[in-house]
Amino acid sequence: MNEISIEQQKQLLVSVATDRDKTAFAAIFSHFAPKIRSYGLKHLKQEANAMELVQETMLTVWRKAHLFHPDKGAVSTWVYTIMRNQCFDILRKRQATKEDNYSDDIWPIFEQKLVTTSDDPSNEQLNGELVTLIATLPKNQQVVVKEIYLNQRSHQELADQLGLPVGTVKSRLRLGLQKLRLHLENDDAY
């Protein structure tokens with residue numbers, strides 16, 4: 001591991017900021033990358049995500065080196081702040097992907113139920129049965145599920161229309177889809 005003093009770190013980062021010095025950046029990268037990777041493994045639990053954290057953090061350090069002010073704090077504090085923000089972004093992306101995958105899981109169950117209970121699985125019948133099933137949800141979840149899946153609205157469009165945060169729309173959608181999935185799975189048991 002390449003240990004460099006606090007003063008050397010400041011000098012190297014200033015060189016990156018003012019001269020786009022690749023040798024200075026390589027020294028900073030060598031110093032911080034193992035620490036960032038270790039943090040990533042601890043918090044993200046996967047090597048690929050830890051390496052993504054290293055890359056994204058150090059890319060941001062390269063791009064924004066001019067924003068570092070040596071008189072306001074240590075290089076390590078600045079780099080680790082970037083690292084934590086990048087880690088949060090990766091965790092948010094992972095959560096969003098989980099929610100997207102969860103909603104994709106409900107449609108095969110619904111279509112299978114419809115095909116096995118009907119000789120004519122047309123889109124009209126699919127929509128009719130789906131609307132009936134959605135009507136069993138609480139009103140705020142009904143609105144979100146209908147708008148996103150039947151009217152093809154994006155999360156952001158619906159949030160703007162309803163005057164809600166996007167996170168609230170996503171939460172209502174997730175809860176509604178969980179209830180629909182349980183309902184469909186319970187119907188399959190009979």
# chains A, B, ... in the order shown; residues from 1 in each chain; ligands from 1
$ residues_around --residues "Pro165 in chain A" --least-positions-apart "5" --cutoff "10 Å" --atoms "only C-alpha atoms" --output "PyMOL selection string"
chain A and resi 155-156+158-160+170
$ residues_around --residues "range 7-23 of chain A" --least-positions-apart "2" --cutoff "9 Å" --atoms "only C-alpha atoms" --output "count of residues only"
19
$ residues_around --residues "Ala135 in chain A" --least-positions-apart "6" --cutoff "12 Å" --atoms "only C-alpha atoms" --output "list of chain:residue names"
A:Gly128, A:Glu129, A:Gln141, A:Gln142, A:Val143, A:Val144, A:Val145, A:Lys146, A:Gly176, A:Lys179, A:Leu180
$ atom_distance --atom1 "CA of Leu182 in chain A" --atom2 "CA of Asn140 in chain A"
18.2 Å
$ residues_around --residues "Lys45 in chain A" --least-positions-apart "6" --cutoff "12 Å" --atoms "only C-alpha atoms" --output "JSON list (two decimals) with N, CA, C and O atoms, in the first residue's frame"
[["chain", "number", "residue", "atom", "x", "y", "z"],
["A", 37, "ARG", "N", -12.08, 0.18, -1.67],
["A", 37, "ARG", "CA", -12.51, -1.19, -1.96],
["A", 37, "ARG", "C", -12.93, -1.90, -0.67],
["A", 37, "ARG", "O", -13.96, -2.58, -0.63],
["A", 38, "SER", "N", -12.14, -1.74, 0.38],
["A", 38, "SER", "CA", -12.46, -2.36, 1.66],
["A", 38, "SER", "C", -13.81, -1.85, 2.19],
["A", 38, "SER", "O", -14.65, -2.64, 2.65],
["A", 39, "TYR", "N", -14.01, -0.56, 2.11],
["A", 39, "TYR", "CA", -15.30, 0.03, 2.53],
["A", 39, "TYR", "C", -16.44, -0.54, 1.67],
["A", 39, "TYR", "O", -17.50, -0.88, 2.18],
["A", 51, "MET", "N", -15.67, -2.71, -6.50],
["A", 51, "MET", "CA", -14.80, -2.16, -7.55],
["A", 51, "MET", "C", -15.50, -1.02, -8.30],
["A", 51, "MET", "O", -14.84, -0.06, -8.71],
["A", 53, "LEU", "N", -17.50, 1.01, -6.86],
["A", 53, "LEU", "CA", -17.35, 2.13, -5.92],
["A", 53, "LEU", "C", -15.98, 2.78, -6.07],
["A", 53, "LEU", "O", -15.87, 4.01, -6.09],
["A", 87, "CYS", "N", -21.43, 5.39, -2.69],
["A", 87, "CYS", "CA", -21.95, 4.16, -2.09],
["A", 87, "CYS", "C", -23.47, 4.24, -1.95],
["A", 87, "CYS", "O", -24.19, 3.29, -2.28],
["A", 90, "ILE", "N", -25.05, 3.71, -5.33],
["A", 90, "ILE", "CA", -25.05, 2.30, -5.73],
["A", 90, "ILE", "C", -26.15, 1.54, -4.98],
["A", 90, "ILE", "O", -26.87, 0.74, -5.56],
["A", 91, "LEU", "N", -26.30, 1.82, -3.69],
["A", 91, "LEU", "CA", -27.35, 1.15, -2.91],
["A", 91, "LEU", "C", -28.74, 1.55, -3.40],
["A", 91, "LEU", "O", -29.64, 0.70, -3.49],
["A", 94, "ARG", "N", -29.40, -0.32, -6.58],
["A", 94, "ARG", "CA", -29.70, -1.72, -6.28],
["A", 94, "ARG", "C", -31.14, -1.86, -5.79],
["A", 94, "ARG", "O", -31.85, -2.77, -6.18]]
$ atom_distance --atom1 "CA of Asp89 in chain A" --atom2 "CA of Ala50 in chain A"
12.5 Å
$ closest_residue --among "A:Thr168, A:Thr60, A:Asn151, A:Thr136" --to "His183 in chain A" --atoms "only C-alpha atoms"
A:Thr136
$ closest_residue --among "A:Thr57, A:Gln95, A:Gln152, A:Ser171" --to "Gly40 in chain A" --atoms "only C-alpha atoms"
A:Thr57
$ atom_distance --atom1 "CA of Gln161 in chain A" --atom2 "CA of Phe88 in chain A"
27.6 Å
$ closest_residue --among "A:Glu47, A:Glu185, A:Glu56, A:Glu147" --to "Arg84 in chain A" --atoms "only C-alpha atoms"
A:Glu56
